[in-house]
$ cat final_33.pdb   # PDB, C-alpha atoms
MODEL        1
ATOM      1  CA  MET A   1       7.384  74.479 -22.131
ATOM      2  CA  THR A   2       7.271  74.996 -25.889
ATOM      3  CA  LEU A   3       4.171  75.920 -27.916
ATOM      4  CA  ASP A   4       3.831  75.847 -31.695
ATOM      5  CA  LEU A   5       1.199  78.543 -32.040
ATOM      6  CA  LEU A   6       1.214  78.643 -35.840
ATOM      7  CA  GLU A   7       2.663  76.227 -38.380
ATOM      8  CA  SER A   8       2.408  76.671 -42.146
ATOM      9  CA  ARG A   9       4.686  77.077 -45.131
ATOM     10  CA  ALA A  10       4.190  80.839 -45.163
ATOM     11  CA  LEU A  11       4.168  81.529 -41.427
ATOM     12  CA  SER A  12       5.229  79.829 -38.198
ATOM     13  CA  TRP A  13       5.306  81.054 -34.610
ATOM     14  CA  VAL A  14       6.964  79.242 -31.710
ATOM     15  CA  VAL A  15       7.028  80.285 -28.051
ATOM     16  CA  SER A  16       9.126  78.630 -25.338
ATOM     17  CA  MET A  17       8.942  79.511 -21.665
ATOM     18  CA  ASN A  18      10.696  78.507 -18.439
ATOM     19  CA  LEU A  19       9.151  79.289 -15.048
ATOM     20  CA  SER A  20      10.766  78.736 -11.662
ATOM     21  CA  ASN A  21       9.900  79.355  -8.018
ATOM     22  CA  ASN A  22      12.615  79.552  -5.350
ATOM     23  CA  ASN A  23      11.507  78.959  -1.758
ATOM     24  CA  ASN A  24      14.806  77.821  -0.258
ATOM     25  CA  LYS A  25      15.149  77.538   3.519
ATOM     26  CA  VAL A  26      18.074  76.672   5.782
ATOM     27  CA  LEU A  27      16.830  73.767   7.903
ATOM     28  CA  ARG A  28      19.644  73.684  10.440
ATOM     29  CA  LEU A  29      23.262  74.635  11.025
ATOM     30  CA  ASN A  30      26.049  72.387  12.221
ATOM     31  CA  PRO A  31      25.972  71.616  15.957
ATOM     32  CA  GLY A  32      27.524  74.518  17.809
ATOM     33  CA  GLN A  33      27.432  76.762  14.725
ATOM     34  CA  SER A  34      25.945  80.168  15.461
ATOM     35  CA  THR A  35      24.152  82.340  12.939
ATOM     36  CA  ILE A  36      26.499  83.501  10.168
ATOM     37  CA  ILE A  37      26.272  87.267   9.654
ATOM     38  CA  GLN A  38      27.833  89.325   6.859
ATOM     39  CA  GLY A  39      26.607  92.903   6.902
ATOM     40  CA  ALA A  40      22.830  92.817   6.445
ATOM     41  CA  SER A  41      22.870  89.203   5.161
ATOM     42  CA  ARG A  42      22.545  86.102   7.330
ATOM     43  CA  ILE A  43      22.499  82.334   7.263
ATOM     44  CA  GLU A  44      20.012  81.423   9.957
ATOM     45  CA  ALA A  45      18.021  78.236  10.458
ATOM     46  CA  GLY A  46      14.417  78.570   9.373
ATOM     47  CA  TYR A  47      15.048  81.322   6.834
ATOM     48  CA  PRO A  48      16.254  81.602   3.209
ATOM     49  CA  LEU A  49      19.978  81.361   2.533
ATOM     50  CA  TRP A  50      21.706  84.737   2.954
ATOM     51  CA  GLY A  51      18.443  86.487   3.702
ATOM     52  CA  THR A  52      18.376  90.231   4.330
ATOM     53  CA  TRP A  53      17.918  91.401   7.924
ATOM     54  CA  ALA A  54      17.555  94.833   9.513
ATOM     55  CA  LEU A  55      16.430  96.515  12.697
ATOM     56  CA  PRO A  56      12.734  97.423  12.466
ATOM     57  CA  ILE A  57      11.314 100.872  13.062
ATOM     58  CA  ILE A  58       8.736 100.233  15.788
ATOM     59  CA  ALA A  59       7.591 103.807  16.419
ATOM     60  CA  PHE A  60       8.064 107.383  15.266
ATOM     61  CA  ALA A  61       6.416 110.683  16.131
ATOM     62  CA  ASP A  62       6.662 114.286  15.045
ATOM     63  CA  SER A  63       7.423 115.398  18.595
ATOM     64  CA  ASN A  64       8.157 119.036  17.778
ATOM     65  CA  HIS A  65       5.220 119.256  15.329
ATOM     66  CA  ASP A  66       7.274 120.695  12.484
ATOM     67  CA  GLY A  67       5.971 118.182   9.939
ATOM     68  CA  VAL A  68       9.376 116.502   9.581
ATOM     69  CA  ILE A  69      10.550 113.230  11.124
ATOM     70  CA  GLU A  70      14.127 113.470  12.337
ATOM     71  CA  GLY A  71      16.491 110.778  13.557
ATOM     72  CA  ASN A  72      15.870 111.491  17.238
ATOM     73  CA  GLU A  73      12.112 111.063  16.753
ATOM     74  CA  ILE A  74      12.422 107.410  15.726
ATOM     75  CA  ARG A  75      12.402 104.351  18.014
ATOM     76  CA  TYR A  76      14.054 101.155  16.762
ATOM     77  CA  GLY A  77      13.628  97.506  17.680
ATOM     78  CA  ASP A  78      16.163  95.733  19.847
ATOM     79  CA  SER A  79      16.994  92.994  17.320
ATOM     80  CA  SER A  80      17.033  92.588  13.546
ATOM     81  CA  VAL A  81      14.113  91.019  11.688
ATOM     82  CA  PHE A  82      13.977  89.132   8.398
ATOM     83  CA  VAL A  83      13.180  91.492   5.512
ATOM     84  CA  GLY A  84      13.448  89.325   2.395
ATOM     85  CA  GLN A  85      15.453  86.771   0.464
ATOM     86  CA  ALA A  86      18.513  87.482  -1.641
ATOM     87  CA  ASN A  87      17.589  85.335  -4.670
ATOM     88  CA  PRO A  88      14.577  85.914  -6.920
ATOM     89  CA  LYS A  89      11.503  84.068  -5.722
ATOM     90  CA  TYR A  90       9.954  83.958  -9.192
ATOM     91  CA  GLN A  91      11.753  83.846 -12.527
ATOM     92  CA  MET A  92      10.539  83.566 -16.121
ATOM     93  CA  ASN A  93      12.476  83.314 -19.363
ATOM     94  CA  LEU A  94      10.523  83.692 -22.592
ATOM     95  CA  ASN A  95      11.730  83.108 -26.147
ATOM     96  CA  THR A  96       9.540  83.705 -29.157
ATOM     97  CA  GLY A  97      10.358  83.183 -32.815
ATOM     98  CA  VAL A  98       8.432  83.992 -35.996
ATOM     99  CA  THR A  99       9.307  82.728 -39.476
ATOM    100  CA  LEU A 100       7.843  84.451 -42.549
ATOM    101  CA  LEU A 101       8.074  84.419 -46.329
ATOM    102  CA  ASN A 102       8.418  80.646 -46.637
ATOM    103  CA  GLY A 103      11.252  80.571 -44.134
ATOM    104  CA  ARG A 104      13.210  83.389 -45.688
ATOM    105  CA  LEU A 105      12.691  85.861 -42.806
ATOM    106  CA  SER A 106      13.053  84.894 -39.152
ATOM    107  CA  ILE A 107      12.608  87.077 -36.058
ATOM    108  CA  ASN A 108      13.549  85.942 -32.549
ATOM    109  CA  ALA A 109      13.254  87.741 -29.222
ATOM    110  CA  THR A 110      13.971  86.810 -25.599
ATOM    111  CA  PHE A 111      12.588  88.312 -22.391
ATOM    112  CA  ALA A 112      13.272  87.710 -18.684
ATOM    113  CA  TYR A 113      11.289  88.486 -15.525
ATOM    114  CA  GLN A 114      12.365  88.305 -11.862
ATOM    115  CA  ASN A 115      10.489  89.128  -8.677
ATOM    116  CA  GLY A 116      10.583  88.695  -4.907
ATOM    117  CA  PHE A 117      14.192  89.435  -3.940
ATOM    118  CA  THR A 118      15.727  92.264  -1.947
ATOM    119  CA  GLN A 119      18.403  94.784  -2.842
ATOM    120  CA  PHE A 120      19.832  97.919  -1.277
ATOM    121  CA  ASN A 121      18.935 101.146  -3.041
ATOM    122  CA  ASP A 122      22.284 102.623  -2.025
ATOM    123  CA  GLY A 123      22.266 104.953  -5.006
ATOM    124  CA  ALA A 124      19.668 107.059  -3.199
ATOM    125  CA  LEU A 125      22.036 107.459  -0.260
ATOM    126  CA  VAL A 126      25.020 108.412  -2.417
ATOM    127  CA  SER A 127      23.088 110.840  -4.604
ATOM    128  CA  GLY A 128      21.380 112.593  -1.711
ATOM    129  CA  ALA A 129      17.937 111.538  -2.945
ATOM    130  CA  ILE A 130      17.040 110.418   0.575
ATOM    131  CA  GLN A 131      17.161 113.931   1.935
ATOM    132  CA  THR A 132      15.288 115.256  -1.090
ATOM    133  CA  LEU A 133      12.501 112.707  -0.663
ATOM    134  CA  ALA A 134      12.289 113.123   3.106
ATOM    135  CA  ASN A 135      11.918 116.894   2.786
ATOM    136  CA  ALA A 136       9.562 116.880  -0.203
ATOM    137  CA  PRO A 137       6.092 118.363   0.436
ATOM    138  CA  GLY A 138       3.440 115.720   0.995
ATOM    139  CA  THR A 139       5.884 112.938   1.896
ATOM    140  CA  SER A 140       4.242 110.717   4.521
ATOM    141  CA  LEU A 141       5.681 110.576   8.035
ATOM    142  CA  ALA A 142       6.302 106.815   7.607
ATOM    143  CA  THR A 143       8.409 107.431   4.493
ATOM    144  CA  GLN A 144      10.212 110.262   6.229
ATOM    145  CA  ALA A 145      11.035 107.947   9.154
ATOM    146  CA  ALA A 146      12.454 105.266   6.862
ATOM    147  CA  MET A 147      14.517 107.794   4.931
ATOM    148  CA  ALA A 148      15.742 109.584   8.056
ATOM    149  CA  ALA A 149      16.873 106.279   9.557
ATOM    150  CA  ALA A 150      18.697 105.305   6.367
ATOM    151  CA  GLY A 151      20.300 108.716   5.999
ATOM    152  CA  SER A 152      21.697 108.621   9.513
ATOM    153  CA  CYS A 153      22.783 104.998   9.273
ATOM    154  CA  GLY A 154      24.343 104.371   5.876
ATOM    155  CA  VAL A 155      24.422 101.305   3.681
ATOM    156  CA  VAL A 156      26.447  98.915   5.847
ATOM    157  CA  GLY A 157      24.441  99.547   9.014
ATOM    158  CA  CYS A 158      25.345 101.015  12.361
ATOM    159  CA  PRO A 159      24.628 100.119  15.993
ATOM    160  CA  GLY A 160      21.238 101.201  17.229
ATOM    161  CA  LYS A 161      20.074 102.480  13.832
ATOM    162  CA  THR A 162      18.710 100.796  10.718
ATOM    163  CA  ASN A 163      19.024 100.887   6.944
ATOM    164  CA  ILE A 164      15.643  99.216   6.447
ATOM    165  CA  GLY A 165      14.492 102.238   4.434
ATOM    166  CA  LEU A 166      17.070 101.394   1.754
ATOM    167  CA  ILE A 167      15.921  97.790   1.314
ATOM    168  CA  GLN A 168      13.575  97.165  -1.609
ATOM    169  CA  THR A 169      11.700  94.114  -2.779
ATOM    170  CA  VAL A 170      12.649  94.176  -6.443
ATOM    171  CA  SER A 171      10.947  93.129  -9.666
ATOM    172  CA  THR A 172      12.553  93.443 -13.101
ATOM    173  CA  PHE A 173      11.437  92.834 -16.677
ATOM    174  CA  ARG A 174      14.131  92.721 -19.361
ATOM    175  CA  PHE A 175      13.985  92.733 -23.143
ATOM    176  CA  ASN A 176      17.225  90.805 -23.506
ATOM    177  CA  ASP A 177      17.758  90.544 -27.239
ATOM    178  CA  LEU A 178      16.225  90.678 -30.690
ATOM    179  CA  SER A 179      17.601  89.059 -33.831
ATOM    180  CA  ILE A 180      16.361  89.390 -37.395
ATOM    181  CA  ASN A 181      17.697  87.231 -40.238
ATOM    182  CA  TYR A 182      16.773  87.472 -43.908
ATOM    183  CA  ASN A 183      17.924  84.923 -46.497
ATOM    184  CA  LEU A 184      18.466  86.674 -49.812
ATOM    185  CA  PRO A 185      17.011  85.127 -52.977
ATOM    186  CA  LYS A 186      19.272  82.517 -54.566
ATOM    187  CA  SER A 187      19.314  84.442 -57.813
ATOM    188  CA  LEU A 188      20.954  87.355 -55.997
ATOM    189  CA  SER A 189      23.484  85.278 -54.060
ATOM    190  CA  MET A 190      24.581  83.480 -57.244
ATOM    191  CA  ARG A 191      25.634  86.827 -58.683
ATOM    192  CA  PHE A 192      28.309  86.894 -55.975
ATOM    193  CA  GLY A 193      29.316  83.325 -56.711
ATOM    194  CA  VAL A 194      27.918  81.828 -53.503
ATOM    195  CA  PRO A 195      24.954  79.477 -53.104
ATOM    196  CA  ARG A 196      23.449  81.382 -50.159
ATOM    197  CA  MET A 197      23.570  84.837 -48.582
ATOM    198  CA  SER A 198      21.782  86.322 -45.597
ATOM    199  CA  VAL A 199      21.534  89.645 -43.811
ATOM    200  CA  ALA A 200      21.342  89.641 -40.002
ATOM    201  CA  LEU A 201      20.578  92.282 -37.396
ATOM    202  CA  GLN A 202      20.957  91.691 -33.671
ATOM    203  CA  GLY A 203      20.523  93.829 -30.558
ATOM    204  CA  GLU A 204      21.122  92.990 -26.887
ATOM    205  CA  ASN A 205      20.036  94.544 -23.586
ATOM    206  CA  LEU A 206      17.329  96.509 -25.356
ATOM    207  CA  ALA A 207      15.052  97.503 -22.445
ATOM    208  CA  LEU A 208      14.709  97.236 -18.685
ATOM    209  CA  HIS A 209      11.705  98.018 -16.508
ATOM    210  CA  SER A 210      12.135  97.817 -12.739
ATOM    211  CA  ASN A 211      10.748  99.290  -9.526
ATOM    212  CA  TYR A 212      14.337  99.502  -8.225
TER
ENDMDL
END
$ encode --input "final_33.pdb" --output "structure tokens"
Amino acid sequence: MTLDLLESRALSWVVSMNLSNNNNKVLRLNPGQSTIIQGASRIEAGYPLWGTWALPIIAFADSNHDGVIEGNEIRYGDSSVFVGQANPKYQMNLNTGVTLLNGRLSINATFAYQNGFTQFNDGALVSGAIQTLANAPGTSLATQAAMAAAGSCGVVGCPGKTNIGLIQTVSTFRFNDLSINYNLPKSLSMRFGVPRMSVALQGENLALHSNY
């Protein structure tokens, strides 16, 4: 979709946008083919391709009443459940361009947005942030349970435990690039013996905002 928001000799402004929604689902596997499992990812009929799966936490209790949930105070489900899809469910790419000074100055910027896909926050496990969060004053028992399970399990998973506390539904907004181009006056370029000169400035990967 492209919109010409302004159009004149002195000023023009164009915006183009692409939106997409991904709701893929595996309808069936080959006859005799069992579910394909690689770590926490699966190909299973009825669910998105390479969806993320993990054992659920079905109960927890502060049995010793010390205000801290420990690994032995958590009860896990018997089988893994679907947590989320691997590919972004929603994506948007936005490009906007402004032309000023009778076409002499042009400014272009691109942005990207993604939402609705899962990733492992394994950095928290490596850095020790899990233990810090679990032991922080005011941390809810539910958060403590998720962190305690992840801390005792690890990123790749382990029998009878779960890394569901490390799985996040992610959204990201990126300021991908900005370019500025200025065409110098012809009288100035002719001094250098050329019919046209321009000055350009470009930056990439300028900003990222994410809940991950």
$ atom_distance --input "final_33.pdb" --atom1 "atom CA of Gln91 of chain A" --atom2 "atom CA of Tyr212 of chain A"
16.4 Å
$ residues_around --input "final_33.pdb" --residues "Ser198 of chain A" --least-positions-apart "3" --cutoff "8 Å" --atoms "all atoms listed in the file" --output "ChimeraX atom specification"
/A:181-184
$ closest_residue --input "final_33.pdb" --among "A:Ser79, A:Thr162, A:Thr118, A:Thr110" --to "Trp50 of chain A" --atoms "all atoms listed in the file"
A:Thr118
$ atom_distance --input "final_33.pdb" --atom1 "atom CA of Thr52 of chain A" --atom2 "atom CA of Ala112 of chain A"
23.7 Å
$ resolve_selection --input "final_33.pdb" --expression "the PyMOL selection byres ((chain A and resi 120) around 6)" --output "list in words"
Gln119, Asn121, Asp122, Leu166 and Ile167 of chain A
$ residues_near_point --input "final_33.pdb" --point "(17.0, 94.8, -24.6)" --cutoff "10 Å" --atoms "all atoms listed in the file" --output "ChimeraX atom specification"
/A:109-112,173-178,203-208
$ resolve_selection --input "final_33.pdb" --expression "the PyMOL selection byres ((chain A and resi 22) around 7)" --output "list in words"
Ser20, Asn21, Asn23, Asn24, Pro88, Lys89 and Tyr90 of chain A
$ resolve_selection --input "final_33.pdb" --expression "the PyMOL selection byres ((chain A and resi 35) around 12)" --output "ChimeraX atom specification"
/A:26,28-34,36-38,41-47,49-51
$ atom_distance --input "final_33.pdb" --atom1 "atom CA of Ala150 of chain A" --atom2 "atom CA of Asn87 of chain A"
22.8 Å
$ residues_near_point --input "final_33.pdb" --point "(16.5, 94.0, -37.6)" --cutoff "8 Å" --atoms "all atoms listed in the file" --output "PyMOL selection string"
chain A and resi 178-181+200-202
$ residues_around --input "final_33.pdb" --residues "segment 54-57 of chain A" --least-positions-apart "3" --cutoff "7 Å" --atoms "all atoms listed in the file" --output "ChimeraX atom specification"
/A:40,75-77,79-83,162-164
$ closest_residue --input "final_33.pdb" --among "A:Ser16, A:Leu11, A:Thr2, A:Glu70" --to "Leu141 of chain A" --atoms "only C-alpha atoms"
A:Glu70
$ decode --input "final_33.pdb" --residues "segment 184-200 of chain A" --atoms "N, CA, C and O atoms" --output "PDB file, in the first residue's frame"
ATOM      1  N   LEU A 184      23.454  19.677  -4.339  1.00  0.00           N
ATOM      2  CA  LEU A 184      24.033  21.023  -4.271  1.00  0.00           C
ATOM      3  C   LEU A 184      23.603  21.865  -5.463  1.00  0.00           C
ATOM      4  O   LEU A 184      23.301  21.325  -6.541  1.00  0.00           O
ATOM      5  N   PRO A 185      23.549  23.185  -5.288  1.00  0.00           N
ATOM      6  CA  PRO A 185      23.184  24.064  -6.407  1.00  0.00           C
ATOM      7  C   PRO A 185      24.115  23.851  -7.599  1.00  0.00           C
ATOM      8  O   PRO A 185      25.312  23.582  -7.433  1.00  0.00           O
ATOM      9  N   LYS A 186      23.574  23.980  -8.794  1.00  0.00           N
ATOM     10  CA  LYS A 186      24.357  23.760 -10.010  1.00  0.00           C
ATOM     11  C   LYS A 186      25.514  24.732 -10.109  1.00  0.00           C
ATOM     12  O   LYS A 186      26.594  24.379 -10.616  1.00  0.00           O
ATOM     13  N   SER A 187      25.296  25.944  -9.616  1.00  0.00           N
ATOM     14  CA  SER A 187      26.375  26.934  -9.684  1.00  0.00           C
ATOM     15  C   SER A 187      27.594  26.484  -8.884  1.00  0.00           C
ATOM     16  O   SER A 187      28.743  26.774  -9.248  1.00  0.00           O
ATOM     17  N   LEU A 188      27.362  25.739  -7.791  1.00  0.00           N
ATOM     18  CA  LEU A 188      28.463  25.259  -6.981  1.00  0.00           C
ATOM     19  C   LEU A 188      29.139  24.053  -7.626  1.00  0.00           C
ATOM     20  O   LEU A 188      30.367  23.956  -7.647  1.00  0.00           O
ATOM     21  N   SER A 189      28.330  23.137  -8.166  1.00  0.00           N
ATOM     22  CA  SER A 189      28.922  21.945  -8.791  1.00  0.00           C
ATOM     23  C   SER A 189      29.738  22.302 -10.023  1.00  0.00           C
ATOM     24  O   SER A 189      30.757  21.670 -10.320  1.00  0.00           O
ATOM     25  N   MET A 190      29.316  23.339 -10.761  1.00  0.00           N
ATOM     26  CA  MET A 190      30.053  23.734 -11.968  1.00  0.00           C
ATOM     27  C   MET A 190      31.453  24.264 -11.628  1.00  0.00           C
ATOM     28  O   MET A 190      32.354  24.193 -12.456  1.00  0.00           O
ATOM     29  N   ARG A 191      31.629  24.743 -10.422  1.00  0.00           N
ATOM     30  CA  ARG A 191      32.954  25.205 -10.018  1.00  0.00           C
ATOM     31  C   ARG A 191      33.948  24.062  -9.971  1.00  0.00           C
ATOM     32  O   ARG A 191      35.158  24.271 -10.093  1.00  0.00           O
ATOM     33  N   PHE A 192      33.409  22.833  -9.764  1.00  0.00           N
ATOM     34  CA  PHE A 192      34.269  21.644  -9.726  1.00  0.00           C
ATOM     35  C   PHE A 192      34.291  20.922 -11.069  1.00  0.00           C
ATOM     36  O   PHE A 192      34.843  19.841 -11.195  1.00  0.00           O
ATOM     37  N   GLY A 193      33.657  21.544 -12.060  1.00  0.00           N
ATOM     38  CA  GLY A 193      33.683  20.997 -13.405  1.00  0.00           C
ATOM     39  C   GLY A 193      32.761  19.809 -13.613  1.00  0.00           C
ATOM     40  O   GLY A 193      32.980  19.017 -14.531  1.00  0.00           O
ATOM     41  N   VAL A 194      31.734  19.688 -12.788  1.00  0.00           N
ATOM     42  CA  VAL A 194      30.765  18.596 -12.945  1.00  0.00           C
ATOM     43  C   VAL A 194      29.360  19.195 -12.984  1.00  0.00           C
ATOM     44  O   VAL A 194      29.096  20.244 -12.381  1.00  0.00           O
ATOM     45  N   PRO A 195      28.450  18.559 -13.729  1.00  0.00           N
ATOM     46  CA  PRO A 195      27.110  19.139 -13.848  1.00  0.00           C
ATOM     47  C   PRO A 195      26.255  18.980 -12.597  1.00  0.00           C
ATOM     48  O   PRO A 195      25.297  19.730 -12.396  1.00  0.00           O
ATOM     49  N   ARG A 196      26.633  18.009 -11.718  1.00  0.00           N
ATOM     50  CA  ARG A 196      25.774  17.772 -10.545  1.00  0.00           C
ATOM     51  C   ARG A 196      26.585  17.178  -9.403  1.00  0.00           C
ATOM     52  O   ARG A 196      27.446  16.332  -9.607  1.00  0.00           O
ATOM     53  N   MET A 197      26.319  17.670  -8.188  1.00  0.00           N
ATOM     54  CA  MET A 197      26.949  17.143  -6.986  1.00  0.00           C
ATOM     55  C   MET A 197      25.895  16.995  -5.895  1.00  0.00           C
ATOM     56  O   MET A 197      24.938  17.769  -5.836  1.00  0.00           O
ATOM     57  N   SER A 198      26.100  15.983  -5.050  1.00  0.00           N
ATOM     58  CA  SER A 198      25.172  15.781  -3.936  1.00  0.00           C
ATOM     59  C   SER A 198      25.942  15.307  -2.714  1.00  0.00           C
ATOM     60  O   SER A 198      27.037  14.739  -2.821  1.00  0.00           O
ATOM     61  N   VAL A 199      25.356  15.568  -1.572  1.00  0.00           N
ATOM     62  CA  VAL A 199      25.915  15.120  -0.289  1.00  0.00           C
ATOM     63  C   VAL A 199      24.902  14.160   0.335  1.00  0.00           C
ATOM     64  O   VAL A 199      23.701  14.468   0.408  1.00  0.00           O
ATOM     65  N   ALA A 200      25.383  12.986   0.771  1.00  0.00           N
ATOM     66  CA  ALA A 200      24.478  11.968   1.306  1.00  0.00           C
ATOM     67  C   ALA A 200      24.940  11.519   2.685  1.00  0.00           C
ATOM     68  O   ALA A 200      26.139  11.432   2.967  1.00  0.00           O
TER      69      ALA A 200
END
